[in-house]
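The file run_39.txt contains compact mmCIF, C-alpha atoms:
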# COMPACT_ATOMS: atom_id res chain seq x y z
CA ALA A 115 -74.29 23.72 -117.17
CA GLN A 116 -73.24 20.31 -116.01
CA THR A 117 -73.82 17.08 -117.88
CA VAL A 118 -73.48 13.52 -116.66
CA THR A 119 -73.10 10.63 -119.09
CA GLN A 120 -73.64 6.98 -118.33
CA SER A 121 -72.89 5.17 -121.53
CA GLN A 122 -73.92 1.66 -120.45
CA PRO A 123 -77.73 1.35 -120.42
CA GLU A 124 -77.61 -2.25 -119.19
CA MET A 125 -74.98 -4.56 -117.78
CA SER A 126 -74.91 -8.02 -116.30
CA VAL A 127 -72.45 -9.79 -114.03
CA GLN A 128 -72.18 -13.24 -112.55
CA GLU A 129 -72.66 -13.50 -108.83
CA ALA A 130 -69.35 -13.10 -106.94
CA GLU A 131 -67.67 -11.45 -109.92
CA THR A 132 -66.58 -7.83 -110.28
CA VAL A 133 -68.25 -5.23 -112.47
CA THR A 134 -67.43 -1.61 -113.30
CA LEU A 135 -70.02 0.99 -114.22
CA SER A 136 -68.79 4.04 -116.07
CA CYS A 137 -69.70 7.69 -115.61
CA THR A 138 -68.25 10.80 -117.18
CA TYR A 139 -69.22 14.38 -116.54
CA ASP A 140 -68.59 17.81 -117.91
CA THR A 141 -68.27 20.92 -115.79
CA SER A 142 -66.33 24.13 -115.41
CA GLU A 143 -66.69 23.99 -111.63
CA ASN A 144 -63.71 23.15 -109.46
CA ASN A 145 -65.50 22.38 -106.20
CA TYR A 146 -68.12 19.69 -106.54
CA TYR A 147 -69.24 16.30 -105.29
CA LEU A 148 -69.99 13.06 -107.05
CA PHE A 149 -72.32 10.31 -105.93
CA TRP A 150 -73.52 6.92 -106.97
CA TYR A 151 -77.09 6.07 -106.06
CA LYS A 152 -78.71 2.65 -106.28
CA GLN A 153 -82.38 2.22 -107.12
CA PRO A 154 -83.60 -1.36 -106.61
CA PRO A 155 -86.97 -2.56 -107.93
CA SER A 156 -88.56 -1.06 -104.83
CA ARG A 157 -87.67 2.31 -106.44
CA GLN A 158 -86.08 3.75 -103.29
CA MET A 159 -82.96 5.83 -104.02
CA ILE A 160 -80.10 4.61 -101.86
CA LEU A 161 -76.76 6.35 -101.59
CA VAL A 162 -73.94 3.96 -102.44
CA ILE A 163 -70.83 6.11 -102.29
CA ARG A 164 -69.69 9.72 -102.46
CA GLN A 165 -66.53 11.49 -103.60
CA GLU A 166 -65.43 15.03 -102.94
CA ALA A 167 -63.63 16.56 -105.93
CA TYR A 168 -60.92 18.05 -103.76
CA LYS A 169 -59.94 14.62 -102.43
CA GLN A 170 -57.50 12.67 -104.55
CA GLN A 171 -58.05 9.41 -102.70
CA ASN A 172 -60.72 7.21 -104.20
CA ALA A 173 -63.70 6.54 -101.95
CA THR A 174 -64.42 3.01 -100.77
CA GLU A 175 -67.45 1.55 -99.01
CA ASN A 176 -67.12 -2.17 -98.35
CA ARG A 177 -67.54 -3.90 -101.74
CA PHE A 178 -68.04 -0.59 -103.57
CA SER A 179 -65.20 1.62 -104.73
CA VAL A 180 -64.75 4.39 -107.23
CA ASN A 181 -62.06 5.32 -109.72
CA PHE A 182 -62.13 9.11 -109.72
CA GLN A 183 -60.08 10.71 -112.47
CA LYS A 184 -60.61 14.46 -112.08
CA ALA A 185 -58.63 15.54 -115.12
CA ALA A 186 -60.48 13.08 -117.31
CA LYS A 187 -63.79 13.91 -115.58
CA SER A 188 -64.45 10.26 -115.00
CA PHE A 189 -66.11 8.63 -112.00
CA SER A 190 -66.57 4.88 -112.38
CA LEU A 191 -68.06 2.54 -109.79
CA LYS A 192 -66.56 -0.88 -109.12
CA ILE A 193 -68.65 -3.51 -107.39
CA SER A 194 -66.65 -6.45 -106.09
CA ASP A 195 -68.03 -9.85 -105.12
CA SER A 196 -71.38 -9.00 -106.73
CA GLN A 197 -74.45 -10.17 -104.87
CA LEU A 198 -78.00 -10.78 -106.04
CA GLY A 199 -79.11 -7.80 -103.95
CA ASP A 200 -76.95 -5.54 -106.09
CA THR A 201 -79.43 -5.91 -108.95
CA ALA A 202 -80.72 -2.37 -109.47
CA MET A 203 -80.51 0.80 -111.50
CA TYR A 204 -77.39 2.78 -110.68
CA PHE A 205 -77.32 6.54 -111.12
CA CYS A 206 -74.26 8.71 -111.20
CA ALA A 207 -74.88 12.21 -109.82
CA PHE A 208 -72.92 15.46 -109.88
CA MET A 209 -73.57 18.10 -107.24
CA VAL A 210 -72.58 21.72 -106.76
CA ARG A 211 -73.85 24.36 -104.39
CA ALA A 212 -75.55 27.01 -106.50
CA GLY A 213 -77.07 30.09 -104.91
CA GLY A 214 -77.50 28.29 -101.60
CA TYR A 215 -79.13 25.11 -102.82
CA GLN A 216 -77.71 21.83 -104.01
CA LYS A 217 -77.92 21.56 -107.77
CA VAL A 218 -77.77 17.91 -108.69
CA THR A 219 -77.44 16.54 -112.20
CA PHE A 220 -78.18 12.85 -112.66
CA GLY A 221 -77.13 10.49 -115.38
CA ILE A 222 -79.76 8.36 -117.12
CA GLY A 223 -78.74 5.29 -115.19
CA THR A 224 -77.27 1.85 -115.79
CA LYS A 225 -79.42 -1.20 -115.18
CA LEU A 226 -77.32 -3.88 -113.51
CA GLN A 227 -78.44 -7.49 -113.39
CA VAL A 228 -76.56 -9.92 -111.15
CA ILE A 229 -76.93 -13.45 -112.46
CA PRO A 230 -76.93 -16.40 -110.05
CA ASP B 1012 -86.38 6.91 -87.30
CA GLY B 1013 -85.78 10.05 -89.33
CA GLY B 1014 -86.72 10.04 -92.95
CA ILE B 1015 -88.91 11.25 -95.77
CA THR B 1016 -92.44 10.01 -96.24
CA GLN B 1017 -94.19 10.27 -99.56
CA SER B 1018 -97.85 9.48 -100.05
CA PRO B 1019 -99.68 7.97 -101.69
CA LYS B 1020 -97.51 5.27 -103.23
CA TYR B 1021 -99.79 5.09 -106.28
CA LEU B 1022 -102.04 7.84 -107.63
CA PHE B 1023 -104.39 8.04 -110.56
CA ARG B 1024 -105.47 11.23 -112.28
CA LYS B 1025 -108.47 11.85 -114.44
CA GLU B 1026 -108.47 14.29 -117.36
CA GLY B 1027 -108.65 17.90 -116.18
CA GLN B 1028 -108.01 17.01 -112.57
CA ASN B 1029 -105.39 18.43 -110.23
CA VAL B 1030 -103.74 15.99 -107.87
CA THR B 1031 -101.44 16.60 -104.92
CA LEU B 1032 -98.50 14.46 -103.87
CA SER B 1033 -97.46 14.63 -100.25
CA CYS B 1034 -93.90 14.83 -98.95
CA GLU B 1035 -93.07 15.05 -95.25
CA GLN B 1036 -89.64 14.94 -93.62
CA ASN B 1037 -88.55 14.75 -89.99
CA LEU B 1038 -84.85 15.21 -90.65
CA ASN B 1039 -84.95 18.93 -89.81
CA HIS B 1040 -83.61 19.68 -93.28
CA ASP B 1041 -84.02 23.18 -94.66
CA ALA B 1042 -84.02 22.29 -98.35
CA MET B 1043 -86.51 20.09 -100.14
CA TYR B 1044 -86.75 19.02 -103.76
CA TRP B 1045 -89.15 17.37 -106.20
CA TYR B 1046 -87.88 15.23 -109.05
CA ARG B 1047 -89.62 13.51 -111.89
CA GLN B 1048 -88.28 10.18 -113.15
CA ASP B 1049 -89.09 8.85 -116.61
CA PRO B 1050 -87.61 5.73 -118.21
CA GLY B 1051 -84.31 6.49 -119.91
CA GLN B 1052 -84.15 10.07 -118.63
CA GLY B 1053 -82.89 9.81 -115.09
CA LEU B 1054 -84.17 12.35 -112.57
CA ARG B 1055 -85.19 15.85 -113.51
CA LEU B 1056 -85.76 18.69 -111.04
CA ILE B 1057 -89.27 20.14 -110.89
CA TYR B 1058 -89.13 22.53 -107.93
CA TYR B 1059 -86.97 23.14 -104.92
CA SER B 1060 -87.28 25.07 -101.69
CA GLN B 1061 -84.47 26.33 -99.49
CA ILE B 1062 -86.59 27.74 -96.71
CA VAL B 1063 -90.17 28.00 -95.52
CA ASN B 1064 -92.40 30.18 -97.71
CA ASP B 1065 -89.85 30.22 -100.51
CA PHE B 1066 -89.45 27.95 -103.53
CA GLN B 1067 -87.92 28.10 -106.98
CA LYS B 1068 -88.61 26.49 -110.34
CA GLY B 1069 -86.38 23.70 -111.49
CA ASP B 1070 -85.80 22.48 -115.02
CA ILE B 1071 -89.33 21.21 -115.75
CA ALA B 1072 -91.72 23.27 -113.58
CA GLU B 1073 -94.45 23.84 -116.18
CA GLY B 1074 -97.74 22.22 -115.15
CA TYR B 1075 -96.67 21.84 -111.51
CA SER B 1076 -97.05 23.93 -108.37
CA VAL B 1077 -95.72 23.63 -104.83
CA SER B 1078 -96.04 25.23 -101.42
CA ARG B 1079 -93.79 25.32 -98.38
CA GLU B 1080 -95.84 26.48 -95.42
CA LYS B 1081 -93.99 24.28 -92.94
CA LYS B 1082 -90.39 23.17 -92.79
CA GLU B 1083 -91.45 19.53 -92.71
CA SER B 1084 -93.80 19.59 -95.67
CA PHE B 1085 -93.39 20.24 -99.40
CA PRO B 1086 -96.46 19.08 -101.34
CA LEU B 1087 -96.46 18.96 -105.12
CA THR B 1088 -99.59 19.61 -107.16
CA VAL B 1089 -99.76 18.23 -110.67
CA THR B 1090 -102.19 20.49 -112.47
CA SER B 1091 -104.34 19.82 -115.51
CA ALA B 1092 -101.84 21.92 -117.48
CA GLN B 1093 -99.33 19.09 -117.22
CA LYS B 1094 -100.25 17.12 -120.31
CA ASN B 1095 -97.97 14.16 -119.70
CA PRO B 1096 -98.01 13.57 -115.95
CA THR B 1097 -97.47 9.82 -115.97
CA ALA B 1098 -94.15 9.31 -114.19
CA PHE B 1099 -92.50 8.37 -110.93
CA TYR B 1100 -92.09 11.32 -108.56
CA LEU B 1101 -89.38 11.51 -105.93
CA CYS B 1102 -89.08 13.97 -103.08
CA ALA B 1103 -85.72 14.69 -101.46
CA SER B 1104 -84.29 16.86 -98.72
CA SER B 1105 -80.88 18.09 -97.63
CA ILE B 1106 -79.16 20.35 -95.14
CA GLN B 1107 -78.24 23.81 -96.36
CA GLN B 1108 -75.22 24.80 -94.33
CA GLY B 1109 -71.77 23.37 -93.93
CA GLU B 1110 -70.21 20.63 -95.96
CA ILE B 1111 -72.41 19.29 -98.71
CA GLN B 1112 -74.31 16.18 -97.71
CA PRO B 1113 -76.12 13.89 -100.12
CA GLN B 1114 -79.82 14.33 -100.60
CA HIS B 1115 -82.13 11.93 -98.79
CA PHE B 1116 -84.98 10.53 -100.85
CA GLY B 1117 -88.48 9.32 -100.13
CA ASP B 1118 -89.88 6.10 -101.58
CA GLY B 1119 -91.67 7.89 -104.41
CA THR B 1120 -95.17 8.18 -105.83
CA ARG B 1121 -96.20 6.65 -109.14
CA LEU B 1122 -98.74 8.79 -110.95
CA SER B 1123 -100.80 7.39 -113.79
CA ILE B 1124 -103.59 8.69 -116.02
CA LEU B 1125 -106.99 7.03 -115.93

Encoded form using structure tokens:
Amino acid sequence: AQTVTQSQPEMSVQEAETVTLSCTYDTSENNYYLFWYKQPPSRQMILVIRQEAYKQQNATENRFSVNFQKAAKSFSLKISDSQLGDTAMYFCAFMVRAGGYQKVTFGIGTKLQVIP
Amino acid sequence: DGGITQSPKYLFRKEGQNVTLSCEQNLNHDAMYWYRQDPGQGLRLIYYSQIVNDFQKGDIAEGYSVSREKKESFPLTVTSAQKNPTAFYLCASSIQQGEIQPQHFGDGTRLSIL
């Protein structure tokens, strides 16, 4: 079974500053995918960034980047130049294909508040 | 625009009542999922379906039932056997073949007890 740990229940950051959200996971699988989802107050789940485990290069999407350390089973999210619209819950998710369907394990989330 | 539509946005259940949450997708995805979200617990899988007329229990299926009569639709019924149904419910879908793609989510339904 997979587990995903987000050890920071809440974080805050000043607007325009940089913040890093941590995520660790435990698995015996070798082929898997990692995602960060954002859930703003509207409650919609929005994909922020994805990382394939077989890729060594860290994924980047505009102001969002990850630090993927496969050996350490760590997958942190860095948000640069934080904006007020980044205020949301952030969920780390681990995905494998199991018996034909996508088995996804979510962390409990980190609540990020961007302060003006 | 393609996407997932969940309805209603808010739902209230009386004691002993079954209620059904709707989930419709026009993404032509084979697989659909239902998650329950509680504060401090992230998302937990209730049921999933890989193909029409087939579905499997997830981690917390007790007190819930589903059907998959059409590819586009995957309704969730919260039965009276679910003693603590108050939560936020999210429906998702994904493709089944090829490289793994992230799940797409609907906007959710908040269920409360009257």

Worksheet entry | Within 8 Å of file point (-64.0, 19.9, -107.2), counting all atoms listed in the file, expressed as a ChimeraX atom specification | /A:143-147,166-168

Rows by chain and residue number, chain A within 12 Å of chain B, shortest pair, all atoms listed in the file, as a Markdown table:
| residue | atom | partner | partner_atom | distance |
| --- | --- | --- | --- | --- |
| A:Ala115 | CA | B:Asp1070 | CA | 11.8 |
| A:Thr117 | CA | B:Gly1053 | CA | 12.0 |
| A:Val118 | CA | B:Gly1053 | CA | 10.2 |
| A:Thr119 | CA | B:Gly1053 | CA | 10.6 |
| A:Gln120 | CA | B:Gly1053 | CA | 10.2 |
| A:Ser121 | CA | B:Gly1051 | CA | 11.6 |
| A:Gln122 | CA | B:Gly1051 | CA | 11.5 |
| A:Pro123 | CA | B:Gly1051 | CA | 8.4 |
| A:Glu124 | CA | B:Gly1051 | CA | 11.0 |
| A:Asn145 | CA | B:Ile1111 | CA | 10.6 |
| A:Tyr146 | CA | B:Ile1111 | CA | 8.9 |
| A:Tyr147 | CA | B:Ile1111 | CA | 7.9 |
| A:Leu148 | CA | B:Pro1113 | CA | 9.3 |
| A:Phe149 | CA | B:Pro1113 | CA | 7.8 |
| A:Trp150 | CA | B:Pro1113 | CA | 10.1 |
| A:Tyr151 | CA | B:Pro1113 | CA | 9.9 |
| A:Lys152 | CA | B:Phe1116 | CA | 11.4 |
| A:Gln153 | CA | B:Asp1118 | CA | 10.1 |
| A:Pro154 | CA | B:Asp1118 | CA | 11.0 |
| A:Pro155 | CA | B:Asp1118 | CA | 11.1 |
| A:Ser156 | CA | B:Asp1118 | CA | 8.0 |
| A:Arg157 | CA | B:Asp1118 | CA | 6.5 |
| A:Gln158 | CA | B:Asp1118 | CA | 4.8 |
| A:Met159 | CA | B:Phe1116 | CA | 6.0 |
| A:Ile160 | CA | B:Phe1116 | CA | 7.7 |
| A:Leu161 | CA | B:Pro1113 | CA | 7.7 |
| A:Val162 | CA | B:Pro1113 | CA | 10.4 |
| A:Ile163 | CA | B:Pro1113 | CA | 9.7 |
| A:Arg164 | CA | B:Pro1113 | CA | 8.0 |
| A:Gln165 | CA | B:Pro1113 | CA | 10.5 |
| A:Glu166 | CA | B:Ile1111 | CA | 9.2 |
| A:Ala167 | CA | B:Ile1111 | CA | 11.7 |
| A:Met203 | CA | B:Gly1053 | CA | 10.0 |
| A:Tyr204 | CA | B:Gly1053 | CA | 10.0 |
| A:Phe205 | CA | B:Gly1053 | CA | 7.6 |
| A:Cys206 | CA | B:Gly1053 | CA | 9.5 |
| A:Ala207 | CA | B:Leu1054 | CA | 9.7 |
| A:Phe208 | CA | B:Pro1113 | CA | 10.4 |
| A:Met209 | CA | B:Pro1113 | CA | 8.7 |
| A:Val210 | CA | B:Ile1111 | CA | 8.4 |
| A:Arg211 | CA | B:Ile1111 | CA | 7.7 |
| A:Ala212 | CA | B:Gln1107 | CA | 11.0 |
| A:Gly213 | CA | B:Gln1061 | CA | 9.9 |
| A:Gly214 | CA | B:Gln1107 | CA | 6.9 |
| A:Tyr215 | CA | B:Gln1061 | CA | 6.4 |
| A:Gln216 | CA | B:Ile1111 | CA | 7.9 |
| A:Lys217 | CA | B:Leu1056 | CA | 9.0 |
| A:Val218 | CA | B:Leu1056 | CA | 8.4 |
| A:Thr219 | CA | B:Arg1055 | CA | 7.9 |
| A:Phe220 | CA | B:Leu1054 | CA | 6.0 |
| A:Gly221 | CA | B:Gly1053 | CA | 5.8 |
| A:Ile222 | CA | B:Gly1053 | CA | 4.0 |
| A:Gly223 | CA | B:Gly1053 | CA | 6.1 |
| A:Thr224 | CA | B:Gly1051 | CA | 9.4 |
| A:Lys225 | CA | B:Gly1051 | CA | 10.3 |

Discussion item. Report as number ranges by chain all protein, DNA and RNA residues lying within 9 Å of range 1020-1034 of chain B, evaluated on only C-alpha atoms, omitting residues in the same chain fewer than 5 positions from it.
Written reply: B: 1015, 1083-1092, 1096-1097, 1100-1103, 1117-1125

Discussion item. Rounded to one decimal, what separation in Å do you get between CA of Lys1081 in chain B and CA of Gly1109 in chain B?
Written reply: 22.3 Å

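Our summary of the geometry notes that CA of Asp200 in chain A is positioned 21.2 Å from CA of Phe182 in chain A.
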
Discussion item. Would you compute the distance between CA of Lys169 in chain A and CA of Lys184 in chain A? Give it in Å to one decimal.
Written reply: 9.7 Å
